[in-house]
Each structure stands twice: as structure tokens, then as C-alpha cells.
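Novice: My questions all concern the structure below.
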Amino acid sequence: MPDEPYEPERAMAGTGMGGQMDLAASEAVTLEKPLRGPDGAGGPAGKPRSLWSDAWHDLRRNPVFIVSGLVILFLAVISLWPSLIASGNPLHCDLAKAQEGSGPGHPFGFNGQGCDVYTRTVYGARTSVAVGVCATLGVAVLGSVLGGLAGFFGGVWDSILSRVTDVFFAIPVVLGGLVLLSVVTSNSIWPVIGFMVLLGWPQISRIARGSVITAKQNDYVQAARALGASNSRMLLRHIAPNAVAPVIVVATIALGTYIALEATLSYLGVGLKPPSVSWGIDISAASPYIRNAPHALLWPSGALALTVLAFIMLGDAVRDALDPKLR
């Protein structure tokens, strides 16, 4: 077979199996260019995105996340600056207007004490959101630290923590609140937050423990240990970033649960107490007048239900984005 003339525009490329493959120059240049991701905006196809960037990529295209995020953003704004949409005083009441319906300047009407329902509903978001956020942060920090340390070191401390969490899991939340908060006379939100942290950390602790046990068995952690990395460095640099995702998901969903729990305790009279402004207090005060003035009960109840639903929807969207099994 005659020799083919040498063509400089052609190149030889390895096949990966020990042989070679003759390529045109245009094809060789194409192989040298970095491949783009499937969406055309990512990095090279050979360099996968991180868990967080991939999750954010999915969340931006999830309508559930967008809707719940907008609702939560609105709640955050009115919690910080309620006077933007409610210029009245939530503690100002006029008995002459008790149980009146909606009117000019008072779209939600008045409750049994003659207080403006609209103003109290807006200002009640500040208390409920503050309790939910602070309780969630406290539960997440305490539970993550205790559960993470127990899962990393194991041994007797892991066994002790497991038995302690079993004891706390056996305490009914509402009954525990009735017992513990009934002796508190303070009108601030901190006793309620402290109670939620006290009974809420075992759930996060269990999740953080299991996540750390799974993460510390990975090859990169074993390699770091073989290279002489300290325990603190392995925990903070290698294990924690890869074990925190389940904690974030559960904490996001639990935030809505804590808001509902605060309203329940306030409704029962052991949570926040007047003159504090809370959806649970307003629901409790409006319950006896549900036939004559149902609007006083429906508006704070609707605001509470919408808030809890928004945080639960947000948690579900974050869970779907961070769970690789659902991809």
C-alpha cells in the first residue's frame, strides 16, 4: 500500500487504549478547547459543580422556592419595618369600636377589645418571626456541635448523648411547655426561645451525628488524617462543609414549626403574654367571639398558616436541591 503524503494539517492523538488515532487539525483544536456545561454557562464539563452551586442552580428554577422565598422576604421586611405598611399603634384600642367590621383605614376591622386587627396582624409578624429565627439558630448550633462531636469521636460520649436524646424525645413538647413556662412571669420572648432550644436540639443532634459519621468515612478525610491533619482541621475544613446540608434542610422546615409552636403556647396562655403582640395571643382573644366577629380570628390565623406554609415549602425545595438521590 503506497505511503500517503504527509499533511501538516493532520495530527495524531492517543486513543486511551495504547493506540493512536489520526485527527484533522480542526478536530484536534476542538479537543483542546474546554467543554462547556449542559446549560452553556457553566465551567468545563470535566469539572463538576460543587454541591452548593449545583443546589443554587436548581433552586433558581424551582417555582416553589421562588414563591416561598418571596413570601418570606416580605415577612422579613414587615418584621423589621412594620410601620411601612401599618401606621397605627397595635396597643391602641377603642372599646366603642369593638367587633366592628372593615372600614376606611381599617381593612381587617376590630377585635373584641376594639384594637385594629390589621395593625396587630402586621406587628405580630415581628414577634413570630423573631421567635422562630432565634429558636432555629439556637437549636441548629447546639444540636450540630453536640451531634457532630459525638459522631466524630464516638465512644462513651456518643453513647451518653444517644441516651440523653432518648430522654428528651420522650417529653411531649406542648405538655413540657405547659409545665416549664407556667412558672415564668416574664413577658419577653427569651423564655419561649429557651424552651424551644431545650427540647429541639436532640433532633438536629441526631441528624448531625449521622451526617458526620457518614462524612468521616470518605476517602478525603482518611487522606487528611494520613497526612497528619488535626481533629479540628478535619472537622472544620473537610467534614463540616460536607455534613451540614441535612442540618440546613431540617432547620429550615423546623423554623415554621417553631413559629406554630410559639402561637400554640401563646394561645394556651403560657407563651407570650399581653401586652406583647403575637398571632397566638390574638387568636386566643378572638376565639370567644368567633360567631360575632370571625374576622378577628381569621386574619391572624391566615397569616400564621401562610407563614408556616412558606417555611415548609422552602425547606422542601432546599431538601430537593441538596439531596443527590433526587437528581
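Chain identifiers are assigned as A, B, and so on, following the order in which chains appear in the C-alpha cells; residues are numbered from 1 within each chain, and ligands are numbered from 1 in order of appearance.
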Would you tabulate, counting only C-alpha atoms, all residues of segment 179-257 of chain A that have an atom at most 9 Å from an atom of segment 126-138 of chain A, showing the closest pair of atoms and their distance in Å to one decimal, sorted by chain then ascending number, as CSV?
Specialist:
```
residue,atom,partner,partner_atom,distance
A:Ile189,CA,A:Val131,CA,6.6
A:Trp190,CA,A:Val131,CA,8.1
A:Val192,CA,A:Val131,CA,7.7
A:Ile193,CA,A:Ala135,CA,5.1
A:Gly194,CA,A:Ala135,CA,7.4
A:Phe195,CA,A:Ala135,CA,8.7
A:Met196,CA,A:Ala135,CA,6.1
A:Val197,CA,A:Ala135,CA,5.8
A:Gly200,CA,A:Ala135,CA,8.5
A:Trp201,CA,A:Gly138,CA,8.1
A:Ala251,CA,A:Thr136,CA,6.2
A:Thr252,CA,A:Thr136,CA,7.9
A:Ala254,CA,A:Thr136,CA,7.0
A:Leu255,CA,A:Gly132,CA,5.3
A:Gly256,CA,A:Gly132,CA,6.9
A:Thr257,CA,A:Gly132,CA,8.0
```
Novice: Would you mind writing down, as a PyMOL selection string, each residue of segment 130-313 of chain A that DSSP on the backbone assigns to helix (DSSP H, G or I)?
Specialist: chain A and resi 130-153+155-169+173-183+190-215+219-226+231-243+245-267+279-289+295-313
Novice: Restricting the calculation to only C-alpha atoms: of A:Tyr258, A:Trp279, A:Trp56, A:Phe74, which residue gets closest to Ile312 of chain A?
Specialist: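 Smallest distance to Ile312 of chain A is found for A:Tyr258.
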Novice: What gap, in Å, lies between atom CA of Ser205 of chain A and atom CA of Ala263 of chain A?
Specialist: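 One can read the atom CA of Ser205 of chain A to atom CA of Ala263 of chain A distance as 24.9 Å.
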Novice: Tell me, counting only C-alpha atoms, for each residue of segment 35-143 of chain A within 12 Å of segment 207-210 of chain A, which pair of atoms is nearest and how far apart they are in Å to one decimal, in rows ordered by chain and increasing number, as JSON lines.
Specialist:
```
{"residue": "A:Val139", "atom": "CA", "partner": "A:Ala208", "partner_atom": "CA", "distance": 11.6}
{"residue": "A:Ala140", "atom": "CA", "partner": "A:Ala208", "partner_atom": "CA", "distance": 9.3}
{"residue": "A:Val141", "atom": "CA", "partner": "A:Ala208", "partner_atom": "CA", "distance": 10.4}
{"residue": "A:Leu142", "atom": "CA", "partner": "A:Ala208", "partner_atom": "CA", "distance": 10.5}
{"residue": "A:Gly143", "atom": "CA", "partner": "A:Ala208", "partner_atom": "CA", "distance": 7.3}
```
Novice: With distances taken over only C-alpha atoms, which residue among A:Ala305, A:Pro82, A:Ile248, A:Phe110 lies nearest Ala321 of chain A?
Specialist: A:Ile248
Novice: Among segment 102-198 of chain A, which ones does DSSP assign to strand (DSSP E or B) (computed from the backbone)? Answer as a list in words.
Specialist: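 Taking segment 102-198 of chain A and keeping strand (DSSP E or B) only, one gets Gly103, His106, Phe110, Cys115 and Asp116 of chain A.
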Novice: Do a neighbour search on Asp323 of chain A at 10 Å with only C-alpha atoms, toss out local chain neighbours closer than 5 positions, and write the hits as a short mmCIF file (atom, residue, chain, number, x, y, z; two decimals) with N, CA and C atoms, in the first residue's frame.
Specialist:
```cif
data_model
loop_
_atom_site.label_atom_id
_atom_site.label_comp_id
_atom_site.auth_asym_id
_atom_site.auth_seq_id
_atom_site.Cartn_x
_atom_site.Cartn_y
_atom_site.Cartn_z
N LEU A 51 -21.59 21.09 45.40
CA LEU A 51 -22.93 20.80 45.88
C LEU A 51 -23.75 22.07 46.01
N ALA A 55 -26.93 23.15 43.83
CA ALA A 55 -28.21 23.35 44.51
C ALA A 55 -28.80 24.71 44.16
N ALA A 245 -25.41 19.97 55.09
CA ALA A 245 -26.60 20.07 54.23
C ALA A 245 -27.85 19.51 54.89
N PRO A 246 -27.84 18.29 55.46
CA PRO A 246 -29.06 17.80 56.12
C PRO A 246 -29.51 18.66 57.29
N VAL A 249 -31.45 21.66 55.89
CA VAL A 249 -32.79 21.28 55.43
C VAL A 249 -33.75 21.13 56.60
N VAL A 318 -35.36 23.24 49.38
CA VAL A 318 -33.93 23.11 49.71
C VAL A 318 -33.55 21.64 49.83
#
```
Novice: Using only C-alpha atoms for the distances, tell me which of A:Leu199, A:Leu322, A:Asp166, A:Trp299 is nearest to Leu180 of chain A.
Specialist: A:Leu199
Novice: Go through A:Leu95, A:Thr185, A:Val250, A:Gly228 one by one, measure the shortest atom-to-atom distance of each to Gly315 of chain A using only C-alpha atoms, and give the residue with the smallest value.
Specialist: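 Ranked by minimum distance to Gly315 of chain A, first place goes to A:Val250.
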Novice: Counting only C-alpha atoms, which residue out of A:Tyr267, A:Phe65, A:Phe168, A:Tyr220 sits closest to Arg206 of chain A?
Specialist: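 The closest residue to Arg206 of chain A is A:Phe168.
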Novice: Give me the residues within 9 Å of Ile239 of chain A as a CSV table (one decimal) with N, CA and C atoms, in the first residue's frame, counting only C-alpha atoms and dropping any in the same chain fewer than 5 places off.
Specialist:
```csv
chain,number,residue,atom,x,y,z
A,211,SER,N,-24.8,12.4,59.9
A,211,SER,CA,-24.1,13.0,58.8
A,211,SER,C,-22.6,13.0,58.9
A,212,VAL,N,-22.1,13.3,60.2
A,212,VAL,CA,-20.7,13.3,60.4
A,212,VAL,C,-20.1,11.9,60.3
A,215,ALA,N,-19.7,11.3,56.7
A,215,ALA,CA,-18.7,12.1,56.0
A,215,ALA,C,-17.3,11.7,56.4
A,216,LYS,N,-17.1,11.3,57.7
A,216,LYS,CA,-15.7,11.0,58.1
A,216,LYS,C,-15.2,9.7,57.6
A,221,VAL,N,-11.2,12.4,53.9
A,221,VAL,CA,-11.0,12.5,55.3
A,221,VAL,C,-9.9,11.6,55.7
A,233,ARG,N,-9.0,20.6,62.3
A,233,ARG,CA,-8.9,20.9,60.9
A,233,ARG,C,-9.8,19.9,60.1
A,234,MET,N,-9.8,18.7,60.4
A,234,MET,CA,-10.6,17.7,59.7
A,234,MET,C,-12.1,18.1,59.9
A,244,VAL,N,-23.2,19.5,56.6
A,244,VAL,CA,-24.1,20.5,57.1
A,244,VAL,C,-25.4,20.5,56.3
```
Novice: Please produce, as a Markdown table, a per-residue contact table for segment 73-122 of chain A versus segment 270-278 of chain A (criterion: any atom at most 9 Å away, only C-alpha atoms considered), showing the nearest atom pair and its distance in Å to one decimal, sorted by chain then residue number.
Specialist:
```
| residue | atom | partner | partner_atom | distance |
| --- | --- | --- | --- | --- |
| A:Pro90 | CA | A:Val277 | CA | 7.4 |
| A:Leu91 | CA | A:Pro275 | CA | 7.4 |
| A:Arg120 | CA | A:Val277 | CA | 6.6 |
| A:Thr121 | CA | A:Ser278 | CA | 7.9 |
```
Novice: Output the selection as an mmCIF file, in the first residue's frame - N, CA and C atoms for each residue.
Specialist:
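Result saved to part.cif:
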```cif
data_model
loop_
_atom_site.group_PDB
_atom_site.id
_atom_site.type_symbol
_atom_site.label_atom_id
_atom_site.label_comp_id
_atom_site.auth_asym_id
_atom_site.auth_seq_id
_atom_site.Cartn_x
_atom_site.Cartn_y
_atom_site.Cartn_z
ATOM 1 N N PRO A 90 -50.367 49.171 67.559
ATOM 2 C CA PRO A 90 -51.052 47.890 67.840
ATOM 3 C C PRO A 90 -51.622 47.808 69.239
ATOM 4 N N LEU A 91 -51.169 48.666 70.161
ATOM 5 C CA LEU A 91 -51.670 48.640 71.533
ATOM 6 C C LEU A 91 -52.798 49.635 71.763
ATOM 7 N N ARG A 120 -52.365 44.893 64.296
ATOM 8 C CA ARG A 120 -51.854 43.836 65.169
ATOM 9 C C ARG A 120 -51.373 42.635 64.362
ATOM 10 N N THR A 121 -52.004 42.347 63.253
ATOM 11 C CA THR A 121 -51.534 41.241 62.410
ATOM 12 C C THR A 121 -50.169 41.549 61.820
#
```
Novice: Atom CA of Ala150 of chain A and atom CA of Ile253 of chain A are how many Å apart?
Specialist: 23.8 Å
